[in-house]
$ cat run_1.cif   # mmCIF, C-alpha atoms and all ligand atoms
data_coords
#
loop_
_atom_site.label_atom_id
_atom_site.label_comp_id
_atom_site.auth_asym_id
_atom_site.auth_seq_id
_atom_site.Cartn_x
_atom_site.Cartn_y
_atom_site.Cartn_z
CA MET A 1 0.00 0.00 0.00
CA THR A 2 1.18 3.50 -0.81
CA THR A 3 -0.23 6.39 1.21
CA LEU A 4 -0.19 9.80 -0.43
CA PRO A 5 -0.98 12.84 1.72
CA VAL A 6 -3.14 15.64 0.32
CA PRO A 7 -2.06 18.70 2.30
CA LEU A 8 -4.93 21.20 2.32
CA GLY A 9 -4.78 22.69 5.82
CA ASN A 10 -7.79 21.64 7.87
CA ARG A 11 -9.19 19.82 4.82
CA SER A 12 -6.14 17.56 4.50
CA TYR A 13 -6.61 13.85 3.87
CA GLN A 14 -4.81 10.76 2.63
CA VAL A 15 -5.12 8.68 -0.51
CA HIS A 16 -4.33 5.00 -0.03
CA VAL A 17 -3.40 3.08 -3.16
CA GLY A 18 -3.12 -0.71 -3.09
CA THR A 19 -4.93 -4.02 -3.17
CA PHE A 20 -6.94 -4.20 0.02
CA ASP A 21 -8.76 -6.98 1.76
CA ALA A 22 -12.15 -6.01 3.18
CA GLU A 23 -10.84 -5.74 6.76
CA GLN A 24 -8.07 -3.37 5.73
CA ALA A 25 -10.35 -1.23 3.54
CA CYS A 26 -12.97 -1.09 6.29
CA ARG A 27 -10.39 -0.01 8.87
CA LEU A 28 -8.94 2.73 6.65
CA LEU A 29 -12.43 4.11 5.99
CA THR A 30 -13.66 3.92 9.56
CA ASP A 31 -10.42 5.40 10.97
CA ALA A 32 -10.78 8.44 8.73
CA LEU A 33 -14.49 8.95 9.43
CA GLY A 34 -14.19 8.71 13.22
CA ALA A 35 -17.46 7.74 14.88
CA PRO A 36 -20.28 9.03 12.69
CA THR A 37 -23.87 8.82 14.01
CA GLY A 38 -24.94 7.10 10.79
CA VAL A 39 -23.44 6.27 7.40
CA ALA A 40 -24.89 6.27 3.89
CA LEU A 41 -23.06 3.72 1.75
CA LEU A 42 -23.88 5.10 -1.71
CA THR A 43 -22.81 2.31 -4.03
CA ASP A 44 -22.81 1.88 -7.81
CA GLY A 45 -25.63 -0.61 -8.43
CA ARG A 46 -23.85 -2.55 -11.16
CA LEU A 47 -20.70 -2.85 -9.08
CA LEU A 48 -22.75 -4.17 -6.18
CA GLU A 49 -24.20 -6.85 -8.44
CA ARG A 50 -20.93 -7.85 -10.08
CA SER A 51 -18.22 -7.49 -7.51
CA ALA A 52 -17.85 -9.89 -4.60
CA ARG A 53 -15.14 -7.54 -3.33
CA ALA A 54 -17.61 -4.66 -3.11
CA GLN A 55 -20.31 -6.86 -1.55
CA THR A 56 -17.94 -8.06 1.16
CA LEU A 57 -16.79 -4.54 1.95
CA VAL A 58 -20.32 -3.17 2.13
CA ALA A 59 -21.39 -6.01 4.45
CA LEU A 60 -18.41 -5.39 6.73
CA LEU A 61 -18.99 -1.64 6.83
CA GLN A 62 -22.60 -2.30 7.81
CA GLN A 63 -21.39 -4.46 10.69
CA ARG A 64 -18.72 -2.08 11.92
CA LEU A 65 -20.34 1.34 11.52
CA ARG A 66 -23.29 2.55 13.55
CA ASN A 67 -26.51 3.00 11.53
CA ALA A 68 -24.87 2.15 8.23
CA ALA A 69 -27.28 1.55 5.36
CA VAL A 70 -26.58 0.84 1.71
CA LEU A 71 -28.25 2.49 -1.27
CA ALA A 72 -27.65 1.01 -4.72
CA LEU A 73 -27.32 3.92 -7.15
CA PRO A 74 -28.19 3.79 -10.84
CA ALA A 75 -25.01 2.44 -12.45
CA GLY A 76 -22.42 4.79 -13.90
CA GLU A 77 -23.31 8.21 -15.29
CA ALA A 78 -27.05 7.60 -14.71
CA CYS A 79 -26.52 8.49 -11.03
CA LYS A 80 -25.27 11.96 -11.94
CA THR A 81 -28.67 13.62 -12.29
CA MET A 82 -30.26 16.11 -9.95
CA SER A 83 -33.15 13.73 -9.41
CA ALA A 84 -30.78 10.89 -8.44
CA VAL A 85 -28.96 13.21 -6.03
CA GLU A 86 -32.30 14.34 -4.62
CA ALA A 87 -33.33 10.69 -4.20
CA SER A 88 -30.12 9.97 -2.24
CA CYS A 89 -30.66 13.00 0.01
CA GLN A 90 -34.31 12.06 0.58
CA TRP A 91 -33.25 8.51 1.44
CA MET A 92 -30.60 9.82 3.85
CA ALA A 93 -33.28 11.90 5.59
CA GLU A 94 -35.53 8.83 5.81
CA GLN A 95 -32.64 6.93 7.38
CA GLY A 96 -32.58 9.65 10.03
CA LEU A 97 -29.04 10.79 9.20
CA ASP A 98 -28.13 13.95 11.13
CA ARG A 99 -25.19 16.38 11.03
CA GLY A 100 -22.96 13.80 12.68
CA ALA A 101 -23.47 11.33 9.85
CA ALA A 102 -21.20 10.58 6.88
CA VAL A 103 -21.35 9.33 3.30
CA VAL A 104 -19.15 6.70 1.70
CA GLY A 105 -19.16 6.61 -2.11
CA ILE A 106 -18.32 3.15 -3.48
CA GLY A 107 -17.84 3.02 -7.23
CA GLY A 108 -16.24 4.85 -10.13
CA GLY A 109 -16.02 8.55 -10.89
CA ALA A 110 -19.73 8.94 -11.41
CA THR A 111 -20.44 7.49 -7.97
CA SER A 112 -17.80 9.61 -6.22
CA ASP A 113 -19.13 12.75 -7.93
CA HIS A 114 -22.68 11.87 -6.86
CA ALA A 115 -21.78 10.82 -3.32
CA GLY A 116 -19.52 13.82 -2.76
CA PHE A 117 -22.18 16.18 -4.06
CA ALA A 118 -24.93 14.62 -1.94
CA ALA A 119 -22.61 14.93 1.08
CA ALA A 120 -21.82 18.56 0.18
CA ILE A 121 -25.47 19.63 0.14
CA TYR A 122 -27.18 17.31 2.66
CA LEU A 123 -27.77 19.39 5.80
CA ARG A 124 -25.40 21.93 4.15
CA GLY A 125 -22.53 19.49 4.23
CA ILE A 126 -21.52 16.29 6.02
CA PRO A 127 -18.21 14.38 5.71
CA PHE A 128 -17.64 11.79 3.01
CA ALA A 129 -15.11 9.18 1.95
CA THR A 130 -14.45 7.60 -1.41
CA TYR A 131 -13.69 3.97 -2.20
CA SER A 132 -12.77 4.17 -5.85
CA THR A 133 -13.29 1.16 -8.09
CA THR A 134 -12.33 2.33 -11.60
CA LEU A 135 -8.97 3.42 -12.94
CA LEU A 136 -10.38 6.74 -14.12
CA GLY A 137 -12.09 7.26 -10.79
CA MET A 138 -8.78 6.74 -9.01
CA VAL A 139 -6.49 8.88 -11.13
CA ASP A 140 -8.93 11.69 -11.73
CA ALA A 141 -12.33 11.89 -10.07
CA ALA A 142 -11.61 10.74 -6.52
CA VAL A 143 -8.94 13.29 -5.68
CA GLY A 144 -9.35 17.03 -5.59
CA GLY A 145 -12.76 17.73 -4.08
CA LYS A 146 -14.76 18.46 -7.21
CA THR A 147 -18.19 16.87 -6.90
CA GLY A 148 -21.32 17.30 -8.95
CA ALA A 149 -23.94 16.17 -11.39
CA ASP A 150 -25.04 16.71 -14.97
CA LEU A 151 -27.92 18.77 -16.33
CA PRO A 152 -29.81 18.11 -19.55
CA ALA A 153 -27.90 21.13 -20.86
CA GLY A 154 -24.52 19.54 -20.26
CA LYS A 155 -22.19 17.44 -18.14
CA ASN A 156 -21.01 18.56 -14.72
CA LEU A 157 -22.92 21.83 -14.85
CA VAL A 158 -23.83 21.71 -11.15
CA GLY A 159 -21.57 20.84 -8.29
CA ALA A 160 -19.63 21.86 -5.23
CA PHE A 161 -16.09 21.72 -3.92
CA HIS A 162 -16.14 19.25 -1.05
CA GLN A 163 -12.97 17.42 -0.04
CA PRO A 164 -13.26 13.79 1.09
CA ARG A 165 -11.92 12.61 4.48
CA VAL A 166 -10.05 9.74 2.82
CA VAL A 167 -9.73 8.10 -0.58
CA LEU A 168 -9.06 4.42 -1.18
CA ALA A 169 -7.92 3.36 -4.63
CA ASP A 170 -8.39 -0.42 -4.50
CA LEU A 171 -6.53 -1.92 -7.44
CA GLY A 172 -8.20 -5.26 -6.65
CA CYS A 173 -11.32 -3.79 -8.24
CA PHE A 174 -9.70 -4.14 -11.66
CA GLU A 175 -10.54 -7.88 -11.45
CA THR A 176 -14.06 -7.10 -12.59
CA LEU A 177 -13.52 -3.84 -14.46
CA PRO A 178 -13.84 -4.33 -18.24
CA ARG A 179 -10.62 -3.83 -20.21
CA ARG A 180 -12.28 -1.04 -22.19
CA GLU A 181 -12.89 0.92 -18.95
CA ILE A 182 -9.27 0.39 -17.91
CA ALA A 183 -8.00 1.65 -21.26
CA ALA A 184 -10.27 4.70 -21.05
CA GLY A 185 -8.83 5.48 -17.63
CA LEU A 186 -5.34 5.15 -19.08
CA ALA A 187 -6.13 8.05 -21.41
CA GLU A 188 -6.08 10.26 -18.29
CA VAL A 189 -2.80 8.63 -17.30
CA VAL A 190 -1.32 9.59 -20.69
CA LYS A 191 -2.65 13.10 -20.01
CA ALA A 192 -0.82 13.14 -16.66
CA GLY A 193 2.38 12.25 -18.53
CA LEU A 194 1.87 15.00 -21.08
CA ILE A 195 0.99 17.84 -18.74
CA ALA A 196 3.25 17.16 -15.79
CA THR A 197 5.14 13.87 -15.40
CA PRO A 198 7.03 12.79 -18.53
CA ALA A 199 8.21 9.58 -16.82
CA ILE A 200 4.60 8.34 -16.97
CA LEU A 201 4.61 8.52 -20.75
CA ASP A 202 7.98 6.75 -20.97
CA ARG A 203 6.71 3.95 -18.74
CA ILE A 204 3.47 3.45 -20.64
CA GLU A 205 5.43 3.18 -23.88
CA ARG A 206 7.84 0.69 -22.35
CA HIS A 207 5.02 -1.45 -20.93
CA LEU A 208 3.18 -1.36 -24.26
CA VAL A 209 6.28 -2.61 -26.05
CA ASP A 210 6.98 -5.47 -23.65
CA GLY A 211 3.31 -6.32 -23.14
CA THR A 212 3.29 -5.76 -19.37
CA LEU A 213 0.97 -2.76 -19.14
CA TYR A 214 -1.96 -4.64 -17.63
CA GLU A 215 0.12 -6.43 -15.02
CA PRO A 216 -0.84 -5.37 -11.50
CA ALA A 217 2.59 -3.94 -10.69
CA ALA A 218 2.58 -1.75 -13.80
CA LEU A 219 -0.95 -0.44 -13.16
CA ASP A 220 -0.12 0.15 -9.50
CA GLU A 221 2.88 2.27 -10.43
CA LEU A 222 1.07 4.26 -13.12
CA VAL A 223 -2.00 4.89 -10.94
CA THR A 224 0.21 5.99 -8.04
CA MET A 225 2.26 8.35 -10.22
CA SER A 226 -0.89 9.85 -11.74
CA ILE A 227 -2.55 10.41 -8.36
CA ARG A 228 0.66 12.02 -7.11
CA MET A 229 0.54 14.41 -10.07
CA LYS A 230 -3.12 15.23 -9.46
CA ILE A 231 -2.46 15.88 -5.76
CA ASP A 232 0.41 18.17 -6.64
CA VAL A 233 -1.77 20.21 -8.99
CA VAL A 234 -4.89 20.43 -6.82
CA THR A 235 -3.01 21.34 -3.66
CA SER A 236 -1.26 24.17 -5.46
CA ASP A 237 -4.61 25.49 -6.76
CA GLU A 238 -7.56 24.00 -4.88
CA ARG A 239 -10.30 26.07 -6.55
CA GLU A 240 -8.91 26.32 -10.05
CA ALA A 241 -7.74 29.91 -9.97
CA GLY A 242 -4.86 29.06 -12.29
CA ARG A 243 -2.64 26.00 -12.59
CA ARG A 244 -5.37 23.42 -11.98
CA ALA A 245 -6.71 24.27 -15.41
CA ILE A 246 -3.88 22.21 -16.97
CA LEU A 247 -5.90 19.11 -16.00
CA ASN A 248 -8.29 20.22 -18.71
CA PHE A 249 -5.80 19.25 -21.42
CA GLY A 250 -7.67 17.46 -24.22
CA HIS A 251 -11.02 18.16 -22.57
CA THR A 252 -12.26 21.19 -24.54
CA LEU A 253 -12.94 19.20 -27.68
CA GLY A 254 -13.10 15.96 -25.68
CA HIS A 255 -16.20 17.10 -23.79
CA ALA A 256 -17.86 18.30 -27.01
CA ILE A 257 -17.23 14.92 -28.66
CA GLU A 258 -18.34 13.06 -25.54
CA SER A 259 -21.67 14.85 -25.37
CA ALA A 260 -22.28 14.48 -29.11
CA ALA A 261 -21.44 10.78 -28.95
CA GLY A 262 -23.95 10.04 -26.22
CA TYR A 263 -23.27 6.54 -24.93
CA GLU A 264 -21.05 5.60 -27.84
CA LEU A 265 -17.80 6.81 -26.27
CA LEU A 266 -16.44 6.63 -22.75
CA HIS A 267 -15.03 9.79 -21.21
CA GLY A 268 -11.43 8.63 -21.62
CA GLU A 269 -12.05 7.71 -25.25
CA ALA A 270 -13.35 11.21 -25.98
CA VAL A 271 -10.35 12.66 -24.14
CA SER A 272 -8.06 10.54 -26.33
CA LEU A 273 -9.51 12.31 -29.39
CA GLY A 274 -9.41 15.66 -27.61
CA MET A 275 -5.72 15.27 -26.82
CA ILE A 276 -4.87 14.52 -30.45
CA ALA A 277 -6.79 17.65 -31.44
CA ALA A 278 -5.06 19.73 -28.76
CA LEU A 279 -1.63 18.59 -29.97
CA ALA A 280 -2.55 19.49 -33.55
CA LEU A 281 -3.76 22.91 -32.42
CA GLY A 282 -0.48 23.37 -30.56
CA GLU A 283 1.44 22.63 -33.75
CA ILE A 284 -0.48 25.30 -35.66
CA ARG A 285 0.35 27.88 -33.01
CA GLY A 286 3.99 26.88 -32.82
CA HIS A 287 3.73 25.61 -29.24
CA THR A 288 3.88 21.86 -29.83
CA PRO A 289 6.72 20.08 -31.68
CA ARG A 290 5.46 18.06 -34.64
CA GLN A 291 7.09 14.83 -33.42
CA LEU A 292 4.90 14.68 -30.33
CA ARG A 293 1.52 13.95 -31.93
CA PRO A 294 2.59 10.75 -33.76
CA ARG A 295 4.24 9.53 -30.57
CA VAL A 296 1.13 10.10 -28.45
CA ARG A 297 -1.14 8.80 -31.18
CA ALA A 298 0.81 5.54 -31.34
CA ALA A 299 0.52 5.03 -27.58
CA LEU A 300 -3.21 5.81 -27.51
CA GLU A 301 -3.85 3.58 -30.50
CA HIS A 302 -1.90 0.78 -28.87
CA LEU A 303 -4.20 1.16 -25.86
CA GLY A 304 -7.15 0.60 -28.18
CA LEU A 305 -8.33 4.20 -27.80
CA PRO A 306 -9.81 6.15 -30.71
CA VAL A 307 -7.42 8.59 -32.38
CA ASP A 308 -9.14 9.48 -35.62
CA VAL A 309 -10.58 12.94 -34.92
CA ALA A 310 -11.69 13.99 -38.42
CA PRO A 311 -15.08 12.20 -38.43
CA TRP A 312 -15.98 14.07 -35.25
CA LEU A 313 -15.29 17.56 -36.55
CA ARG A 314 -18.87 18.12 -37.65
CA PRO A 315 -20.57 21.48 -37.12
CA ASP A 316 -22.92 20.04 -34.48
CA VAL A 317 -19.97 18.69 -32.46
CA LEU A 318 -17.99 21.91 -32.74
CA ALA A 319 -21.05 23.90 -31.65
CA ARG A 320 -21.05 21.92 -28.42
CA MET A 321 -17.77 23.60 -27.46
CA ASP A 322 -19.89 26.69 -26.77
CA VAL A 323 -21.44 25.08 -23.69
CA ASP A 324 -18.00 24.27 -22.22
CA LYS A 325 -18.32 25.36 -18.62
CA LYS A 326 -14.72 26.64 -18.63
CA ARG A 327 -15.72 29.15 -21.32
CA ARG A 328 -15.69 32.87 -20.54
CA SER A 329 -17.73 34.77 -23.15
CA ASP A 330 -16.31 33.60 -26.49
CA ARG A 331 -12.90 32.47 -25.18
CA VAL A 332 -11.44 29.50 -23.33
CA LYS A 333 -8.22 28.93 -21.44
CA PHE A 334 -6.71 26.32 -23.71
CA VAL A 335 -3.96 23.96 -22.61
CA PHE A 336 -1.08 23.41 -25.03
CA VAL A 337 1.74 20.95 -24.46
CA ARG A 338 5.23 22.21 -25.33
CA GLN A 339 7.01 19.01 -24.31
CA PRO A 340 5.85 16.13 -22.16
CA GLY A 341 5.67 17.63 -18.67
CA ASP A 342 5.62 21.23 -19.84
CA CYS A 343 2.42 22.96 -20.79
CA LEU A 344 1.10 26.39 -21.46
CA LEU A 345 -2.28 27.97 -20.73
CA GLU A 346 -3.44 30.42 -23.35
CA ASP A 347 -6.61 32.42 -23.70
CA VAL A 348 -7.97 31.62 -27.16
CA ARG A 349 -11.11 32.46 -29.10
CA LEU A 350 -13.41 29.47 -29.54
CA ASP A 351 -14.03 30.41 -33.15
CA ASP A 352 -10.30 30.31 -33.86
CA LEU A 353 -10.02 26.89 -32.24
CA LYS A 354 -12.88 25.54 -34.33
CA ARG A 355 -11.41 26.91 -37.55
CA ASP A 356 -7.89 25.66 -36.78
CA VAL A 357 -8.87 22.18 -35.69
CA VAL A 358 -10.75 21.63 -38.92
CA ALA A 359 -7.83 23.02 -40.93
CA ALA A 360 -5.35 20.78 -39.10
CA LEU A 361 -7.23 17.51 -39.04
CA VAL A 362 -9.80 17.30 -41.84
N1 LIG A 401 -14.68 15.14 -9.89
C1 LIG A 401 -13.69 15.13 -10.74
O1 LIG A 401 -12.70 15.81 -10.58
C2 LIG A 401 -13.80 14.24 -11.94
C3 LIG A 401 -12.67 14.04 -12.75
C4 LIG A 401 -12.78 13.17 -13.82
C5 LIG A 401 -13.97 12.53 -14.09
N2 LIG A 401 -15.05 12.74 -13.28
C6 LIG A 401 -16.31 12.06 -13.55
O2 LIG A 401 -16.12 10.67 -13.44
C7 LIG A 401 -17.09 9.99 -14.22
C8 LIG A 401 -16.42 8.89 -15.01
O3 LIG A 401 -15.88 7.99 -14.09
P1 LIG A 401 -15.66 6.45 -14.47
O4 LIG A 401 -14.93 6.35 -15.74
O5 LIG A 401 -15.12 5.82 -13.26
O6 LIG A 401 -17.12 5.95 -14.82
P2 LIG A 401 -18.31 5.31 -13.98
O7 LIG A 401 -18.30 5.71 -12.57
O8 LIG A 401 -19.52 5.62 -14.79
O9 LIG A 401 -17.99 3.75 -14.07
C9 LIG A 401 -17.88 3.14 -15.32
C10 LIG A 401 -18.66 1.83 -15.39
O10 LIG A 401 -17.98 0.82 -14.65
C11 LIG A 401 -18.86 0.18 -13.73
N3 LIG A 401 -17.96 -0.18 -12.62
C12 LIG A 401 -17.42 0.61 -11.68
N4 LIG A 401 -16.49 -0.05 -10.97
C13 LIG A 401 -16.45 -1.31 -11.47
C14 LIG A 401 -15.69 -2.47 -11.16
N5 LIG A 401 -14.71 -2.44 -10.26
N6 LIG A 401 -15.95 -3.60 -11.85
C15 LIG A 401 -16.90 -3.63 -12.81
N7 LIG A 401 -17.62 -2.55 -13.18
C16 LIG A 401 -17.41 -1.41 -12.50
C17 LIG A 401 -19.94 1.18 -13.47
O11 LIG A 401 -21.14 0.55 -13.12
C18 LIG A 401 -20.05 1.88 -14.81
O12 LIG A 401 -20.89 1.17 -15.65
C19 LIG A 401 -17.72 11.05 -15.10
O13 LIG A 401 -19.00 11.35 -14.60
C20 LIG A 401 -16.82 12.26 -14.93
O14 LIG A 401 -17.50 13.48 -15.07
C21 LIG A 401 -14.98 13.58 -12.22
ZN ZN A 402 -11.20 13.72 -17.73
#
$ encode --input "run_1.cif" --output "structure tokens" --more "lines below"
Ligand SMILES: NC(=O)c1ccc[n+]([C@@H]2O[C@H](COP(=O)([O-])OP(=O)(O)OC[C@H]3O[C@@H](n4cnc5c(N)ncnc54)[C@H](O)[C@@H]3O)[C@@H](O)[C@H]2O)c1
Ligand SMILES: [Zn+2]
Amino acid sequence: MTTLPVPLGNRSYQVHVGTFDAEQACRLLTDALGAPTGVALLTDGRLLERSARAQTLVALLQQRLRNAAVLALPAGEACKTMSAVEASCQWMAEQGLDRGAAVVGIGGGATSDHAGFAAAIYLRGIPFATYSTTLLGMVDAAVGGKTGADLPAGKNLVGAFHQPRVVLADLGCFETLPRREIAAGLAEVVKAGLIATPAILDRIERHLVDGTLYEPAALDELVTMSIRMKIDVVTSDEREAGRRAILNFGHTLGHAIESAAGYELLHGEAVSLGMIAALALGEIRGHTPRQLRPRVRAALEHLGLPVDVAPWLRPDVLARMDVDKKRRSDRVKFVFVRQPGDCLLEDVRLDDLKRDVVAALV
């Protein structure tokens, strides 16, 4: 087990990365939560059906924690609606949870966003902990305190900053996680390599060549390095006043493609396309060396992620960039990569981005 501290003053917490047995996971969660008066175990419904590991943990938490009750959430992104969050809060009230209670989110990024948001608004805020069960959830969603839900108008348009009391990244959960979900999470790991930690990119390439990428030791190392990077960024800029925006690399077009694709693409798959586009845009502006895009494209392709952006550059997809929540009037802070580990934030006009991306890639 590796324990990574997240130093945020009185909101500090720890992220534990490893393969945990139920006893160990239960102890780490209960130690961090103290003695809550009641606990809502908000759990991804599909995970609860499929994963003996999750079932055992939930049963143990119910034994060990006072007034602990489990609610199976709609699986995946379906739990990130206002009505699903309302249903969780209503259920918590029916369970009699008071200000001394706590929430534990058990699932991927969608579950931790939902659980953290419910905890942020229930009784104006109660503590929560995250037990993360997907690679993307671990390297991206679980750490940093952003919680929220989607609106019909767009993804993640409502939310709150609410830091967890502890995060567990249980690599044992990969036993049941489909390979496609793992690969999609690895897109965010590639992103971590590009924006901050070049060694991550080197390692992925090496593991892809020798066929060891999906071995537990390799995933453990990459997940740990990526979480370390995310902690470094979010502790230097908790509320995204500046540097935290680098995490948005590949996400401006990625989000537009993701929303246009509906259920066809996973978040990480859309980000894979968005990163290719962002590298091409960097080339046009003279920020990104031309050798980088083929290198990144080869790695993403090897991971089985989509890299062919052209078919997505339709007017309806490009128009979706206008609802990007990072947009300010007609401009966005766009992230360009100069070299792996070195990036640049630049204020650019959305119309220029749309024009250039079509010119570069169609
Ligand atoms: N808060 C943040 O900073 C932040 C950052 C990045 C992403 N996110 C959010 O995270 C979400 C994406 O997270 P995700 O990729 O983890 O998706 P997810 O939570 O939707 O999980 C993906 C799928 O895997 C299933 N699943 C989860 N764990 C499993 C396991 N161990 N075995 C088998 N199946 C399992 C789920 O039921 C779901 O169908 C998005 O909503 C995104 O907005 C948030
Ligand atoms: Zn992302």
$ residues_near_ligand --input "run_1.cif" --ligand "ligand LIG 401 (chain A)" --cutoff "8 Å" --atoms "only C-alpha atoms and all ligand atoms" --output "number ranges by chain"
A: 44-47, 50-51, 75-78, 80, 107-113, 132-138, 140-149, 155-156, 172-178, 181, 184-185, 266-268
$ atom_distance --input "run_1.cif" --atom1 "CA of Gly105 (chain A)" --atom2 "CA of Ala153 (chain A)"
25.3 Å
$ closest_atom_pairs --input "run_1.cif" --of "region 88-206 of chain A" --to "region 293-298 of chain A" --cutoff "12 Å" --atoms "only C-alpha atoms" --output "tab-separated table"
residue	atom	partner	partner_atom	distance
A:Ala187	CA	A:Val296	CA	10.3
A:Val189	CA	A:Val296	CA	11.9
A:Val190	CA	A:Val296	CA	8.2
A:Lys191	CA	A:Val296	CA	9.7
A:Gly193	CA	A:Val296	CA	10.2
A:Leu194	CA	A:Val296	CA	8.9
A:Pro198	CA	A:Val296	CA	11.9
A:Leu201	CA	A:Val296	CA	8.6
A:Asp202	CA	A:Arg295	CA	10.7
A:Ile204	CA	A:Val296	CA	10.5
A:Glu205	CA	A:Ala298	CA	9.1
$ closest_residue --input "run_1.cif" --among "A:Ser236, A:Ser226, A:Thr288, A:Gln163" --to "Asn10 (chain A)" --atoms "all atoms listed in the file"
A:Gln163
$ atom_distance --input "run_1.cif" --atom1 "CA of Ala270 (chain A)" --atom2 "CA of Phe249 (chain A)"
11.9 Å
$ closest_residue --input "run_1.cif" --among "A:Ala245, A:Ala196, A:Val223, A:Leu300" --to "Asp342 (chain A)" --atoms "only C-alpha atoms"
A:Ala196
$ residues_around --input "run_1.cif" --residues "region 17-30 of chain A" --least-positions-apart "6" --cutoff "6 Å" --atoms "all atoms listed in the file" --output "PyMOL selection string"
chain A and resi 1-2+57+169-172
$ closest_residue --input "run_1.cif" --among "A:Val271, A:Val166, A:Ala59, A:Ala93" --to "ligand ZN 402 (chain A)" --atoms "only C-alpha atoms and all ligand atoms"
A:Val271
$ closest_residue --input "run_1.cif" --among "A:Arg99, A:His162, A:Lys230, A:Arg203" --to "ligand ZN 402 (chain A)" --atoms "all atoms listed in the file"
A:Lys230
$ atom_distance --input "run_1.cif" --atom1 "CA of Gln62 (chain A)" --atom2 "CA of Thr3 (chain A)"
24.9 Å
$ residues_around --input "run_1.cif" --residues "Val6 (chain A)" --least-positions-apart "5" --cutoff "8 Å" --atoms "all atoms listed in the file" --output "list in words"
Ser12, Tyr13, Gln14, Val15, Ile231 and Thr235 of chain A
$ closest_residue --input "run_1.cif" --among "A:Met92, A:Met321, A:Leu219, A:Leu361" --to "Val307 (chain A)" --atoms "all atoms listed in the file"
A:Leu361
$ residues_around --input "run_1.cif" --residues "Leu265 (chain A)" --least-positions-apart "6" --cutoff "12 Å" --atoms "only C-alpha atoms" --output "ChimeraX atom specification"
/A:180-181,184,254-259,271-273,305-306,312
$ build_atoms --input "run_1.cif" --residues "region 218-230 of chain A" --atoms "N, CA and C atoms" --output "CSV table (one decimal), in the frame of the given file"
chain,number,residue,atom,x,y,z
A,218,ALA,N,2.5,-2.9,-12.9
A,218,ALA,CA,2.6,-1.8,-13.8
A,218,ALA,C,1.4,-0.8,-13.5
A,219,LEU,N,0.2,-1.3,-13.4
A,219,LEU,CA,-1.0,-0.4,-13.2
A,219,LEU,C,-0.8,0.3,-11.8
A,220,ASP,N,-0.3,-0.4,-10.8
A,220,ASP,CA,-0.1,0.2,-9.5
A,220,ASP,C,0.8,1.4,-9.6
A,221,GLU,N,1.9,1.2,-10.3
A,221,GLU,CA,2.9,2.3,-10.4
A,221,GLU,C,2.3,3.5,-11.2
A,222,LEU,N,1.6,3.2,-12.3
A,222,LEU,CA,1.1,4.3,-13.1
A,222,LEU,C,-0.1,5.0,-12.4
A,223,VAL,N,-0.9,4.3,-11.7
A,223,VAL,CA,-2.0,4.9,-10.9
A,223,VAL,C,-1.4,5.8,-9.8
A,224,THR,N,-0.4,5.2,-9.1
A,224,THR,CA,0.2,6.0,-8.0
A,224,THR,C,0.9,7.3,-8.6
A,225,MET,N,1.6,7.2,-9.7
A,225,MET,CA,2.3,8.4,-10.2
A,225,MET,C,1.2,9.4,-10.7
A,226,SER,N,0.1,8.9,-11.2
A,226,SER,CA,-0.9,9.8,-11.7
A,226,SER,C,-1.6,10.5,-10.6
A,227,ILE,N,-1.9,9.8,-9.5
A,227,ILE,CA,-2.6,10.4,-8.4
A,227,ILE,C,-1.6,11.4,-7.7
A,228,ARG,N,-0.3,11.1,-7.7
A,228,ARG,CA,0.7,12.0,-7.1
A,228,ARG,C,0.6,13.3,-7.9
A,229,MET,N,0.6,13.2,-9.2
A,229,MET,CA,0.5,14.4,-10.1
A,229,MET,C,-0.7,15.2,-9.8
A,230,LYS,N,-1.9,14.5,-9.7
A,230,LYS,CA,-3.1,15.2,-9.5
A,230,LYS,C,-3.1,15.9,-8.1
